[in-house]
Every structure is written in C-alpha cells, then in structure tokens.
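final10.txt follows (compact mmCIF, C-alpha atoms and all ligand atoms):
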```
# COMPACT_ATOMS: atom_id res chain seq x y z
CA MET U 1 0.00 0.00 0.00
CA THR U 2 1.44 3.35 -1.01
CA ASN U 3 1.75 6.31 1.35
CA ARG U 4 -0.52 8.38 -0.85
CA LEU U 5 -3.34 5.88 -0.37
CA SER U 6 -2.88 5.31 3.32
CA SER U 7 -2.85 9.05 3.88
CA GLU U 8 -5.98 9.48 1.74
CA LEU U 9 -7.81 6.85 3.80
CA GLU U 10 -6.38 8.28 7.02
CA GLN U 11 -7.72 11.72 6.10
CA MET U 12 -11.17 10.33 5.40
CA ARG U 13 -11.06 8.34 8.65
CA ARG U 14 -10.27 11.50 10.62
CA ALA U 15 -13.10 13.37 8.91
CA THR U 16 -15.73 10.71 9.58
CA GLU U 17 -14.61 9.98 13.14
CA GLY U 18 -14.46 13.72 13.80
CA ALA U 19 -18.07 14.11 12.68
CA LEU U 20 -19.42 11.77 15.38
CA GLU U 21 -20.75 13.39 18.53
CA ALA U 22 -17.99 13.90 21.08
CA ALA U 23 -17.78 12.55 24.62
CA VAL U 24 -19.72 9.34 24.24
CA ASP U 25 -17.93 6.53 25.94
CA THR U 26 -18.40 3.85 23.26
CA PRO U 27 -15.70 2.61 20.88
CA VAL U 28 -15.63 3.98 17.35
CA LYS U 29 -14.96 1.78 14.31
CA THR U 30 -14.15 2.89 10.78
CA VAL U 31 -14.42 0.85 7.59
CA ALA U 32 -13.62 1.43 3.91
CA ALA U 33 -15.54 -0.26 1.08
CA PRO U 34 -14.20 0.11 -2.48
CA GLY U 35 -15.98 0.94 -5.74
CA ARG U 36 -15.30 -1.23 -8.79
CA VAL U 37 -14.64 -1.31 -12.49
CA ASN U 38 -15.79 -4.28 -14.47
CA LEU U 39 -13.19 -5.50 -16.98
CA ILE U 40 -15.81 -7.39 -18.96
CA GLY U 41 -19.20 -9.11 -18.52
CA GLU U 42 -21.68 -6.24 -18.68
CA HIS U 43 -25.39 -6.95 -18.17
CA THR U 44 -24.58 -10.61 -17.67
CA ASP U 45 -24.90 -10.80 -13.87
CA TYR U 46 -28.71 -10.75 -13.74
CA ASN U 47 -28.77 -13.32 -16.56
CA ASP U 48 -26.94 -15.86 -14.35
CA GLY U 49 -23.79 -15.26 -16.41
CA PHE U 50 -20.12 -14.43 -15.80
CA VAL U 51 -18.47 -11.16 -14.77
CA LEU U 52 -14.87 -10.06 -14.23
CA PRO U 53 -14.75 -6.96 -11.99
CA VAL U 54 -11.93 -5.47 -9.91
CA ALA U 55 -12.41 -3.50 -6.69
CA ILE U 56 -10.57 -0.17 -7.16
CA ASP U 57 -8.69 2.26 -4.93
CA ARG U 58 -11.67 4.57 -4.44
CA TRP U 59 -13.69 4.06 -1.29
CA VAL U 60 -16.69 4.91 0.83
CA VAL U 61 -15.29 5.44 4.33
CA MET U 62 -17.73 5.19 7.23
CA SER U 63 -17.27 5.55 10.98
CA GLY U 64 -19.77 4.67 13.64
CA ARG U 65 -20.51 3.78 17.23
CA ARG U 66 -23.39 2.32 19.22
CA ARG U 67 -26.12 4.51 20.70
CA PRO U 68 -28.69 3.40 23.23
CA GLY U 69 -32.12 2.38 21.88
CA ARG U 70 -32.95 1.62 18.23
CA GLU U 71 -32.44 5.01 16.58
CA VAL U 72 -29.87 5.57 13.87
CA VAL U 73 -28.36 8.97 13.11
CA ALA U 74 -26.43 9.09 9.84
CA HIS U 75 -24.32 11.99 8.57
CA ALA U 76 -23.48 12.31 4.86
CA LEU U 77 -20.46 14.57 5.17
CA ASP U 78 -20.12 15.46 1.49
CA ARG U 79 -23.72 16.66 1.33
CA GLN U 80 -23.73 18.11 4.82
CA GLU U 81 -26.97 16.27 5.45
CA ARG U 82 -28.18 14.21 8.35
CA ALA U 83 -30.92 11.58 8.56
CA LEU U 84 -32.57 10.11 11.63
CA PHE U 85 -34.62 6.92 11.59
CA SER U 86 -35.61 4.08 13.87
CA LEU U 87 -34.71 0.45 13.22
CA ASP U 88 -38.29 -0.33 14.24
CA GLU U 89 -39.69 1.66 11.31
CA LEU U 90 -37.67 0.41 8.40
CA ASP U 91 -40.38 -0.98 6.18
CA PRO U 92 -39.49 -0.39 2.47
CA SER U 93 -42.77 1.50 2.07
CA LEU U 94 -41.29 4.21 4.29
CA ALA U 95 -38.11 4.53 2.21
CA ARG U 96 -39.41 7.50 0.26
CA ASN U 97 -39.47 9.60 3.44
CA LEU U 98 -35.68 9.45 3.54
CA PRO U 99 -33.15 11.42 1.46
CA ASP U 100 -31.81 9.34 -1.48
CA TRP U 101 -28.46 8.50 0.11
CA ALA U 102 -30.09 7.46 3.40
CA ARG U 103 -32.18 4.82 1.60
CA TYR U 104 -29.01 2.83 0.93
CA VAL U 105 -28.01 3.05 4.59
CA ALA U 106 -31.47 2.30 6.03
CA GLY U 107 -32.11 -0.38 3.36
CA THR U 108 -28.91 -2.20 4.26
CA LEU U 109 -29.76 -2.21 7.98
CA TRP U 110 -33.28 -3.43 7.15
CA SER U 111 -31.78 -6.15 4.97
CA LEU U 112 -29.27 -7.12 7.70
CA GLU U 113 -32.08 -7.59 10.20
CA LEU U 114 -33.82 -9.90 7.68
CA GLU U 115 -30.82 -12.18 8.23
CA GLY U 116 -32.08 -12.64 11.77
CA LEU U 117 -29.53 -10.24 13.24
CA ARG U 118 -30.75 -7.81 15.86
CA LEU U 119 -29.07 -4.40 15.68
CA GLY U 120 -29.06 -1.54 18.15
CA GLY U 121 -29.03 2.23 17.69
CA MET U 122 -26.00 3.73 15.94
CA GLU U 123 -24.43 7.00 14.97
CA LEU U 124 -22.81 6.82 11.53
CA ALA U 125 -20.83 9.28 9.40
CA PHE U 126 -19.43 8.74 5.93
CA THR U 127 -17.51 10.37 3.14
CA GLY U 128 -15.88 8.86 0.08
CA SER U 129 -13.75 9.05 -3.02
CA VAL U 130 -15.89 6.91 -5.36
CA PRO U 131 -17.32 9.33 -7.95
CA GLN U 132 -21.13 9.21 -7.69
CA GLY U 133 -23.46 8.36 -10.54
CA MET U 134 -20.50 7.44 -12.76
CA GLY U 135 -20.97 3.68 -13.08
CA LEU U 136 -18.30 2.90 -10.45
CA SER U 137 -20.68 1.43 -7.84
CA SER U 138 -20.71 4.18 -5.26
CA SER U 139 -24.09 2.83 -4.07
CA ALA U 140 -22.83 -0.73 -3.65
CA ALA U 141 -19.80 0.63 -1.74
CA LEU U 142 -22.18 2.56 0.55
CA GLU U 143 -24.27 -0.56 1.18
CA VAL U 144 -21.25 -2.77 1.84
CA ALA U 145 -19.63 -0.15 4.12
CA THR U 146 -22.89 0.21 6.09
CA GLY U 147 -23.38 -3.52 6.47
CA PHE U 148 -19.79 -4.28 7.41
CA LEU U 149 -19.63 -1.43 9.91
CA ALA U 150 -22.94 -2.36 11.54
CA LEU U 151 -21.65 -5.93 11.97
CA ARG U 152 -18.35 -4.69 13.43
CA ILE U 153 -19.81 -2.30 15.95
CA HIS U 154 -22.20 -5.00 17.18
CA GLY U 155 -19.55 -7.72 17.28
CA LEU U 156 -21.54 -9.77 14.72
CA GLU U 157 -20.26 -11.91 11.84
CA LEU U 158 -21.60 -12.66 8.37
CA PRO U 159 -19.72 -14.28 5.47
CA ARG U 160 -18.67 -11.68 2.88
CA LEU U 161 -20.75 -13.28 0.15
CA ARG U 162 -23.82 -12.98 2.37
CA LEU U 163 -22.94 -9.35 3.07
CA ALA U 164 -22.88 -8.72 -0.70
CA GLN U 165 -26.34 -10.33 -0.98
CA VAL U 166 -27.61 -8.20 1.91
CA GLY U 167 -26.53 -5.10 -0.06
CA GLN U 168 -28.10 -6.36 -3.28
CA ARG U 169 -31.40 -7.06 -1.50
CA ALA U 170 -31.35 -3.54 -0.05
CA GLU U 171 -30.92 -2.10 -3.54
CA ASN U 172 -33.55 -4.37 -5.16
CA GLN U 173 -36.24 -4.24 -2.52
CA TYR U 174 -35.61 -1.05 -0.59
CA VAL U 175 -34.16 1.38 -3.13
CA GLY U 176 -36.00 -0.20 -6.09
CA VAL U 177 -33.12 -0.76 -8.54
CA ASN U 178 -33.18 -4.27 -9.94
CA CYS U 179 -29.38 -4.69 -10.05
CA GLY U 180 -27.46 -7.97 -10.12
CA ILE U 181 -24.87 -9.11 -7.59
CA MET U 182 -21.67 -7.92 -9.31
CA ASP U 183 -21.11 -4.54 -7.65
CA GLN U 184 -21.72 -5.56 -4.03
CA PHE U 185 -19.72 -8.73 -4.66
CA ALA U 186 -16.68 -6.77 -5.88
CA SER U 187 -16.87 -4.32 -2.98
CA ALA U 188 -17.12 -7.12 -0.41
CA LEU U 189 -14.74 -9.70 -1.92
CA GLY U 190 -12.20 -7.70 -3.95
CA ALA U 191 -8.54 -8.69 -3.65
CA ALA U 192 -5.39 -6.61 -4.16
CA GLY U 193 -3.82 -7.21 -7.56
CA ARG U 194 -6.65 -9.55 -8.59
CA ALA U 195 -9.75 -9.56 -10.76
CA LEU U 196 -12.75 -11.63 -9.64
CA LEU U 197 -14.08 -14.17 -12.12
CA LEU U 198 -17.58 -14.76 -10.78
CA ASP U 199 -20.21 -17.23 -11.93
CA CYS U 200 -23.37 -15.33 -11.00
CA ARG U 201 -25.46 -18.52 -10.98
CA SER U 202 -23.44 -20.71 -8.62
CA LEU U 203 -21.69 -17.71 -7.00
CA GLU U 204 -18.42 -19.62 -7.27
CA TYR U 205 -15.48 -17.38 -8.05
CA ARG U 206 -11.78 -17.38 -8.82
CA LEU U 207 -9.22 -14.67 -8.11
CA LEU U 208 -7.21 -13.98 -11.24
CA PRO U 209 -3.90 -12.09 -11.00
CA VAL U 210 -3.99 -8.97 -13.17
CA PRO U 211 -0.86 -9.09 -15.35
CA GLN U 212 1.85 -6.63 -14.27
CA GLY U 213 2.11 -5.28 -17.79
CA ILE U 214 -1.44 -3.90 -17.81
CA ALA U 215 -2.69 -0.66 -16.27
CA PHE U 216 -6.26 0.62 -15.93
CA PHE U 217 -7.61 4.14 -16.32
CA VAL U 218 -11.09 5.36 -15.56
CA VAL U 219 -12.10 8.14 -17.93
CA HIS U 220 -14.96 10.59 -17.38
CA PRO U 221 -15.88 12.30 -20.60
CA PRO U 222 -17.51 15.72 -20.23
CA GLN U 223 -21.21 15.36 -19.31
CA GLY U 224 -20.71 11.69 -18.57
CA ARG U 225 -23.17 11.23 -15.71
CA THR U 226 -25.17 8.08 -16.02
CA LEU U 227 -28.88 8.32 -16.74
CA ALA U 228 -29.50 4.63 -16.05
CA GLY U 229 -32.47 3.74 -13.78
CA SER U 230 -35.53 3.08 -15.92
CA GLY U 231 -33.37 2.10 -18.94
CA TYR U 232 -31.57 -0.45 -16.78
CA ASN U 233 -34.74 -2.06 -15.46
CA ARG U 234 -36.17 -2.18 -19.00
CA ARG U 235 -33.12 -4.08 -20.29
CA ARG U 236 -33.53 -6.55 -17.48
CA GLN U 237 -37.18 -7.12 -18.43
CA GLU U 238 -36.17 -7.67 -22.06
CA CYS U 239 -33.61 -10.29 -21.05
CA GLU U 240 -36.16 -12.09 -18.89
CA ALA U 241 -38.72 -12.00 -21.69
CA ALA U 242 -36.15 -13.43 -24.13
CA ALA U 243 -35.41 -16.25 -21.67
CA ARG U 244 -39.14 -17.00 -21.28
CA LEU U 245 -39.65 -17.08 -25.04
CA LEU U 246 -36.74 -19.49 -25.45
CA ALA U 247 -37.90 -21.66 -22.54
CA GLY U 248 -41.17 -22.14 -24.46
CA GLU U 249 -39.13 -23.57 -27.35
CA ARG U 250 -36.57 -25.50 -25.32
CA PRO U 251 -37.51 -26.30 -21.72
CA GLY U 252 -34.53 -26.16 -19.44
CA ILE U 253 -33.61 -22.56 -20.25
CA ARG U 254 -33.83 -20.78 -16.91
CA ALA U 255 -31.98 -17.63 -17.87
CA LEU U 256 -30.07 -16.28 -20.88
CA ARG U 257 -27.00 -17.95 -19.41
CA ASP U 258 -28.41 -21.20 -20.81
CA ALA U 259 -28.99 -19.92 -24.34
CA THR U 260 -26.82 -21.20 -27.21
CA ALA U 261 -26.08 -20.05 -30.76
CA ASP U 262 -28.96 -22.30 -31.94
CA ASP U 263 -31.37 -20.59 -29.55
CA LEU U 264 -30.30 -17.27 -31.00
CA LYS U 265 -31.23 -18.58 -34.47
CA VAL U 266 -34.75 -19.30 -33.15
CA LEU U 267 -35.04 -15.69 -31.98
CA ALA U 268 -33.66 -14.41 -35.28
CA SER U 269 -36.21 -16.44 -37.24
CA ARG U 270 -39.08 -14.81 -35.29
CA ALA U 271 -37.65 -11.29 -35.58
CA GLY U 272 -40.79 -9.91 -37.22
CA GLU U 273 -43.05 -10.95 -34.31
CA ARG U 274 -43.99 -9.45 -30.98
CA TYR U 275 -43.69 -11.34 -27.71
CA GLU U 276 -45.45 -10.03 -24.59
CA ASP U 277 -44.89 -6.26 -24.97
CA HIS U 278 -41.57 -6.61 -26.84
CA GLU U 279 -40.39 -6.74 -30.45
CA VAL U 280 -38.66 -10.10 -30.85
CA ALA U 281 -36.01 -8.32 -32.95
CA ASN U 282 -35.00 -6.41 -29.81
CA LEU U 283 -35.03 -9.54 -27.69
CA TYR U 284 -32.72 -11.19 -30.24
CA ARG U 285 -30.18 -8.38 -29.98
CA ARG U 286 -30.23 -8.37 -26.16
CA ALA U 287 -29.89 -12.16 -25.98
CA ARG U 288 -27.07 -12.21 -28.52
CA HIS U 289 -25.14 -9.66 -26.47
CA VAL U 290 -25.51 -11.76 -23.32
CA VAL U 291 -24.55 -15.04 -24.99
CA GLU U 292 -21.47 -13.55 -26.68
CA GLU U 293 -20.47 -11.43 -23.68
CA ASN U 294 -20.44 -14.52 -21.47
CA SER U 295 -17.94 -16.21 -23.79
CA ARG U 296 -15.89 -13.01 -23.93
CA VAL U 297 -15.59 -13.04 -20.12
CA LEU U 298 -14.12 -16.54 -20.17
CA ALA U 299 -11.88 -15.65 -23.12
CA LEU U 300 -10.58 -12.54 -21.34
CA ALA U 301 -9.83 -14.54 -18.19
CA ARG U 302 -7.76 -16.92 -20.36
CA ALA U 303 -6.03 -14.03 -22.13
CA MET U 304 -4.98 -12.55 -18.77
CA GLU U 305 -3.62 -15.90 -17.63
CA GLU U 306 -1.59 -16.13 -20.85
CA ASP U 307 -0.40 -12.50 -20.73
CA ASP U 308 -1.99 -12.05 -24.15
CA PHE U 309 -2.47 -8.28 -23.92
CA ALA U 310 -3.59 -7.88 -27.52
CA ALA U 311 -6.46 -10.31 -26.89
CA VAL U 312 -7.38 -8.53 -23.64
CA GLY U 313 -7.67 -5.24 -25.52
CA ARG U 314 -9.57 -6.75 -28.43
CA LEU U 315 -12.15 -8.38 -26.15
CA VAL U 316 -12.65 -5.17 -24.14
CA SER U 317 -13.29 -3.24 -27.35
CA GLN U 318 -15.61 -5.94 -28.71
CA SER U 319 -17.61 -5.73 -25.49
CA HIS U 320 -18.15 -2.03 -26.13
CA GLY U 321 -19.23 -2.67 -29.71
CA SER U 322 -21.80 -5.15 -28.48
CA LEU U 323 -23.12 -2.82 -25.74
CA ARG U 324 -23.43 -0.16 -28.44
CA ASP U 325 -25.03 -2.18 -31.26
CA LEU U 326 -26.82 -5.09 -29.60
CA PHE U 327 -27.59 -4.13 -26.03
CA GLU U 328 -27.98 -0.44 -26.95
CA VAL U 329 -26.93 1.09 -23.65
CA SER U 330 -24.17 3.37 -24.92
CA THR U 331 -24.56 6.93 -26.19
CA PRO U 332 -23.14 8.48 -29.40
CA ALA U 333 -20.93 10.75 -27.29
CA PHE U 334 -19.54 7.76 -25.41
CA ASP U 335 -18.92 5.86 -28.65
CA ARG U 336 -16.86 8.78 -29.97
CA TRP U 337 -14.85 8.92 -26.75
CA VAL U 338 -14.21 5.19 -26.72
CA GLU U 339 -12.88 5.47 -30.27
CA ARG U 340 -10.69 8.46 -29.48
CA LEU U 341 -9.21 6.76 -26.43
CA ALA U 342 -8.64 3.47 -28.23
CA GLY U 343 -6.51 5.32 -30.78
CA LEU U 344 -4.12 6.81 -28.18
CA PRO U 345 -0.59 5.48 -27.58
CA GLY U 346 -0.50 2.48 -25.26
CA CYS U 347 -4.27 1.87 -25.29
CA LEU U 348 -5.11 -1.82 -25.74
CA GLY U 349 -8.88 -1.36 -25.63
CA ALA U 350 -11.63 0.78 -24.13
CA ARG U 351 -15.29 0.44 -23.27
CA MET U 352 -18.09 1.91 -21.20
CA VAL U 353 -18.49 0.31 -17.77
CA GLY U 354 -21.51 -0.33 -15.57
CA GLY U 355 -25.21 -0.04 -16.34
CA GLY U 356 -24.69 2.32 -19.29
CA PHE U 357 -26.41 5.42 -20.69
CA GLY U 358 -23.32 7.40 -19.65
CA GLY U 359 -21.04 6.89 -16.66
CA SER U 360 -17.37 6.05 -17.11
CA ILE U 361 -15.07 4.52 -19.68
CA LEU U 362 -12.42 1.95 -18.79
CA ALA U 363 -9.20 2.16 -20.79
CA VAL U 364 -6.86 -0.82 -20.60
CA VAL U 365 -3.32 0.35 -21.26
CA ARG U 366 0.19 -1.14 -21.57
CA ARG U 367 1.86 -0.27 -18.29
CA GLU U 368 5.10 0.84 -19.94
CA GLU U 369 3.14 3.40 -21.99
CA ALA U 370 0.75 4.44 -19.21
CA GLU U 371 2.30 7.88 -18.74
CA LEU U 372 2.25 8.55 -22.48
CA PHE U 373 -1.40 7.52 -22.58
CA ARG U 374 -2.29 9.63 -19.55
CA ARG U 375 -0.79 12.77 -21.07
CA ALA U 376 -2.42 12.21 -24.44
CA ALA U 377 -5.84 11.50 -22.88
CA ALA U 378 -5.65 14.44 -20.47
CA SER U 379 -5.18 16.82 -23.38
CA LEU U 380 -8.45 15.77 -25.03
CA ASP U 381 -11.53 17.93 -24.68
CA GLU U 382 -14.98 18.41 -26.13
CA GLY U 383 -16.34 21.89 -26.70
CA GLY U 384 -13.58 23.25 -24.46
CA GLU U 385 -14.46 20.93 -21.56
CA ALA U 386 -11.57 18.64 -20.61
CA VAL U 387 -11.84 14.94 -20.07
CA ARG U 388 -11.05 13.76 -16.51
CA LEU U 389 -9.20 10.54 -15.87
CA PHE U 390 -7.46 8.66 -13.12
CA PRO U 391 -5.41 5.48 -12.94
CA CYS U 392 -6.83 2.76 -10.72
CA ARG U 393 -5.61 -0.52 -9.33
CA PRO U 394 -7.20 -3.63 -7.83
CA VAL U 395 -7.53 -3.49 -4.04
CA ASP U 396 -8.96 -5.62 -1.24
CA GLY U 397 -12.68 -5.62 -0.50
CA VAL U 398 -14.25 -3.92 2.52
CA GLY U 399 -12.13 -3.80 5.67
CA GLU U 400 -11.53 -1.92 8.84
CA VAL U 401 -9.37 1.22 8.76
CA GLY U 402 -7.56 1.66 12.04
CA ARG U 403 -5.40 4.49 13.27
CA GLY U 404 -2.31 4.29 11.05
CA SER U 405 -3.69 1.03 9.63
CA GLU U 406 -1.88 -0.56 6.71
CA ASN U 407 -4.53 -3.17 6.01
CA ARG U 408 -6.00 -1.74 2.82
C1 LIG P 501 -25.00 -2.04 -12.72
C2 LIG P 501 -25.61 -3.11 -11.81
C3 LIG P 501 -24.86 -4.44 -11.92
C4 LIG P 501 -24.71 -4.87 -13.39
C5 LIG P 501 -24.19 -3.71 -14.25
C6 LIG P 501 -24.21 -4.04 -15.72
O1 LIG P 501 -23.71 -1.73 -12.30
O2 LIG P 501 -25.58 -2.68 -10.48
O3 LIG P 501 -25.50 -5.43 -11.17
O4 LIG P 501 -25.91 -5.38 -13.88
O5 LIG P 501 -24.94 -2.52 -14.06
O6 LIG P 501 -23.29 -5.03 -15.99
```

Let's see the structure in the file written out as structure tokens.
Amino acid sequence: MTNRLSSELEQMRRATEGALEAAVDTPVKTVAAPGRVNLIGEHTDYNDGFVLPVAIDRWVVMSGRRRPGREVVAHALDRQERALFSLDELDPSLARNLPDWARYVAGTLWSLELEGLRLGGMELAFTGSVPQGMGLSSSAALEVATGFLALRIHGLELPRLRLAQVGQRAENQYVGVNCGIMDQFASALGAAGRALLLDCRSLEYRLLPVPQGIAFFVVHPPQGRTLAGSGYNRRRQECEAAARLLAGERPGIRALRDATADDLKVLASRAGERYEDHEVANLYRRARHVVEENSRVLALARAMEEDDFAAVGRLVSQSHGSLRDLFEVSTPAFDRWVERLAGLPGCLGARMVGGGFGGSILAVVRREEAELFRRAAASLDEGGEAVRLFPCRPVDGVGEVGRGSENR
C-alpha cells in the first residue's frame, strides 16, 4: 500500500470519526468499502452469467458507534446532510421519506435484520472518493460499508458473500433498482492485484492475477453522468422475456446464461413478431449480447492468464461494440470517446463500464506506456471541456481502517 493511499484513507477516517458526537464513551470503528470497475461481462450478472470486476482504490469510508435504543443517526459529510430513523420503522414502504443517500443506509440495515440479526441504535458518518453516478458502484460501496460497519460495531459476523447479498437485496427491494450481484460482490470480496471471475449462478469465483504489464484508467468524458435507472430495469425485463420465449421452445432454459447459438437462431427467425410487450427483434439483440459477452468473459480470463495483452484489448473493445449495437446502452458521445481513447498510444482497448447510458469509460493500457497515454488523454476535450481521468488498481474488498492502519 502506497503512502498516498494510506494518507488518503487516514484523512477520510479523521473526517468521519471527527463528525461523530464527542464525549460518548463507546468505541468507534471505521471501515472502507471500495468501488469497482468491471473489466468485462456487462449486463450478464442478472442473466446468471459471468463477470470479471476489480475492486478499485476509491472508497466509501464510514465511521460509527453504538447509541442506546434503536435510533440511527447518519451523517453524509459530502452533502452536509443528516438523517434520523428508527430500526423499528424500516419498512421499504417508508423509504421515500428518507433522502436518497439514506435509503441505501437504512435499506442495508433493514436487509441485515432480515438475516435474523438484531441491531441496536448507531451513529454513523461517511464520506468517500468513489465518484457518484458514474458507473463505479458508489451505491454498492455505501451498502457494503454500512453492512460491514454495523456488523463490526455489534460484534456480529456474516460471510462476505452474504454481506454482498444483503446489499443487493437492499438495492432491489428497498431502493427499487433491480441490479445484479456484481457490484456488491466486488466491494465485499475484492482482492489486491486480482480480478474476480464470478459465476453469477453458482456464486463460485476465482481470483485472477492482473498481469503486471497492464494498467487501468477510468475516464470521465464531459457530461458523462449516467442516466440509467428506468433504462436499466427495461433491459432486465427484455432479457427475462427473451429467456421465457426461449424456454417455451426448449424447456430447461432458466436464464439467458443457458442460451446457445442455436437458440439465437430461433429468436432471429421470429424477428418480425412481438412477444409479450416486446419486439422479438430487440429480444434477439439483447440475448445475442448476453450469450457472446459470457464467452468473452471466459476468453478474457484466459487471455490474462496467458499474458496475451492484444487479446485482452480486443475483447474489451468488442464488449463495447456489443453494448453499443446489440444491447444499446451506450450513447453516441460515449462511442466517440471510446474510439478516441482506443486510438491513443498504449491503449489496448476501451469500453463503457456499468449499467450504461453514460457513466465512465475503462481504458486498458500497456503499463510501460501508461504515462504517455495519460498525457495524451488528459489533453483531449470536447467543446472546451476537458476529459477527466485517473489510474486505478485492484484493491482488497471492505475492511476496517484503524489508526495508522496498513490493512487496505
Ligand atoms: C450495474 C448493476 C450491476 C450490473 C451492471 C451491468 O452496475 O448494479 O449489477 O448489472 O450494471 O453489468
């Protein structure tokens, strides 16, 4: 761990601990949960498919301590807002009474109690360095930080995979976003220097070393904020409809994970029809993306193991092409930026990451040319507005941050 990072985390720890009410004689704990970039496997998680994310060195840092009773006070330092709620009144139907950010906190505590864990009152304060609304999983990091901290300050234990599922349930059932498991999984189970190859059906995973010769950059084009939400849920419905249609033809298909090239031909042959409230032509394109993206995930994992950087870059760029043409979650502005970045020195491949409709671009770069790439990319602009970018590296999943701690 570099000094820059430990001092960044240390600064955030001081800020969040400093925001808690003084003079209460209960121990304070602080945790950091990372955001993520997904190398490949976009919109495959909720189709029971494969993903390959890395947890990155951007965190939500949260401090907290017990309070008597069942009330929770939460401070969002960056917004200078505070929310107060009772653990006894956490029904999802009450979520809309809370500020947006507090729904993730309250939802996670609600979801934790559904595990049969009984929590007490708490005071919480958080800040963070994960850019918000940029497809880097700031919400999953907030959920995982909340869950992990609540467990720590109550002396409770839960396996990390379960913690990820607690966060996902909070987002699905409390916040109302029908996300898959990838983001919470990466934030909870990330590993330094490793990417996580996750089978979203069995939830089995492997840690794959990221080759030394590769560096990652996150790029934020001007006006890149993601407008996901309804578009995301609609894509999920389309995938589920495609799986239902195929299951009618070939029983045994539970999700698009099970579809084959022959199943795609069936969809293609019915392209002129409608199914439920969808055009089958659309369902064909969505299904084809998922089927091909799943094989790209496995191919990219192999390419990393073989240090085949050219293949890594090619697969990353193909993933973008498919998100653009088949899954249709990119934007023309993003497509232009992906192309510009891909043409820069050292760039092996680039693509949009996360739910889509904006957000961030991941550029995979040869490490020896990373500085050349950074300078070239930083000089790009659009209408006078500069692109923003930062290098990122794979880090461990959620953990405690102690005074002078070196554990991240
Ligand atoms: C969002 C969701 C994830 C995943 C991606 C798309 O980040 O939270 O579960 O579906 O979009 O791959």

Practice item. List all protein, DNA and RNA residues that have any atom at most 7 Å from ligand LIG 501 (chain P), counting only C-alpha atoms and all ligand atoms, and write the list as a ChimeraX atom specification. Key: /U:41-46,135,137,179-183,354-355

Include C-alpha atoms and write out the residues we just selected as a PDB file, in the frame of the given file.
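What ended up in again35.pdb:
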```
ATOM      1  CA  GLY U  41     -19.200  -9.110 -18.520  1.00  0.00           C
ATOM      2  CA  GLU U  42     -21.680  -6.240 -18.680  1.00  0.00           C
ATOM      3  CA  HIS U  43     -25.390  -6.950 -18.170  1.00  0.00           C
ATOM      4  CA  THR U  44     -24.580 -10.610 -17.670  1.00  0.00           C
ATOM      5  CA  ASP U  45     -24.900 -10.800 -13.870  1.00  0.00           C
ATOM      6  CA  TYR U  46     -28.710 -10.750 -13.740  1.00  0.00           C
ATOM      7  CA  GLY U 135     -20.970   3.680 -13.080  1.00  0.00           C
ATOM      8  CA  SER U 137     -20.680   1.430  -7.840  1.00  0.00           C
ATOM      9  CA  CYS U 179     -29.380  -4.690 -10.050  1.00  0.00           C
ATOM     10  CA  GLY U 180     -27.460  -7.970 -10.120  1.00  0.00           C
ATOM     11  CA  ILE U 181     -24.870  -9.110  -7.590  1.00  0.00           C
ATOM     12  CA  MET U 182     -21.670  -7.920  -9.310  1.00  0.00           C
ATOM     13  CA  ASP U 183     -21.110  -4.540  -7.650  1.00  0.00           C
ATOM     14  CA  GLY U 354     -21.510  -0.330 -15.570  1.00  0.00           C
ATOM     15  CA  GLY U 355     -25.210  -0.040 -16.340  1.00  0.00           C
TER      16      GLY U 355
END
```

Check your understanding: Near Arg367 (chain U), within 8 Å and counting all atoms listed in the file, which residues show up once chain neighbours fewer than 6 positions away are dropped, as a ChimeraX atom specification?
Key -> /U:212-215,346

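The protein and nucleic acid residues lying at most 8 Å from Arg254 (chain U) are U:Ala243, U:Arg244, U:Ala247, U:Asp258, with all atoms listed in the file considered and sequence neighbours fewer than 4 positions away removed.
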
Please save C-alpha atoms of the selected residues as a short mmCIF file (atom, residue, chain, number, x, y, z; two decimals), in the coordinates of the input.
```cif
data_model
loop_
_atom_site.label_atom_id
_atom_site.label_comp_id
_atom_site.auth_asym_id
_atom_site.auth_seq_id
_atom_site.Cartn_x
_atom_site.Cartn_y
_atom_site.Cartn_z
CA ALA U 243 -35.41 -16.25 -21.67
CA ARG U 244 -39.14 -17.00 -21.28
CA ALA U 247 -37.90 -21.66 -22.54
CA ASP U 258 -28.41 -21.20 -20.81
#
```

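The coordinates place CA of Phe217 (chain U) at 13.8 Å from CA of Pro131 (chain U).
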
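Using all atoms listed in the file, the shortest contact distance between Gly176 (chain U) and any of U:Leu380, U:Leu389, U:Ala83, U:Ala95 is found at U:Ala95.
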
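Distance check against Val130 (chain U) using all atoms listed in the file: of U:Glu81, U:Asp57, U:Glu400, U:Asp91, the minimum falls on U:Asp57.
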
Exercise for review: Quick one: everything within 6 Å of Val61 (chain U), counting only C-alpha atoms, minus sequence neighbours fewer than 3 positions away in the same chain. Send it as a PyMOL selection string.
Suggested key: chain U and resi 31-32+126-128

Review point. Quick one: of U:Gly397, U:Gly321, U:Pro211, U:Gly313, who's nearest to Pro34 (chain U), counting all atoms listed in the file?
Key: U:Gly397

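Between CA of Arg169 (chain U) and CA of Leu77 (chain U) lies a distance of 25.1 Å.
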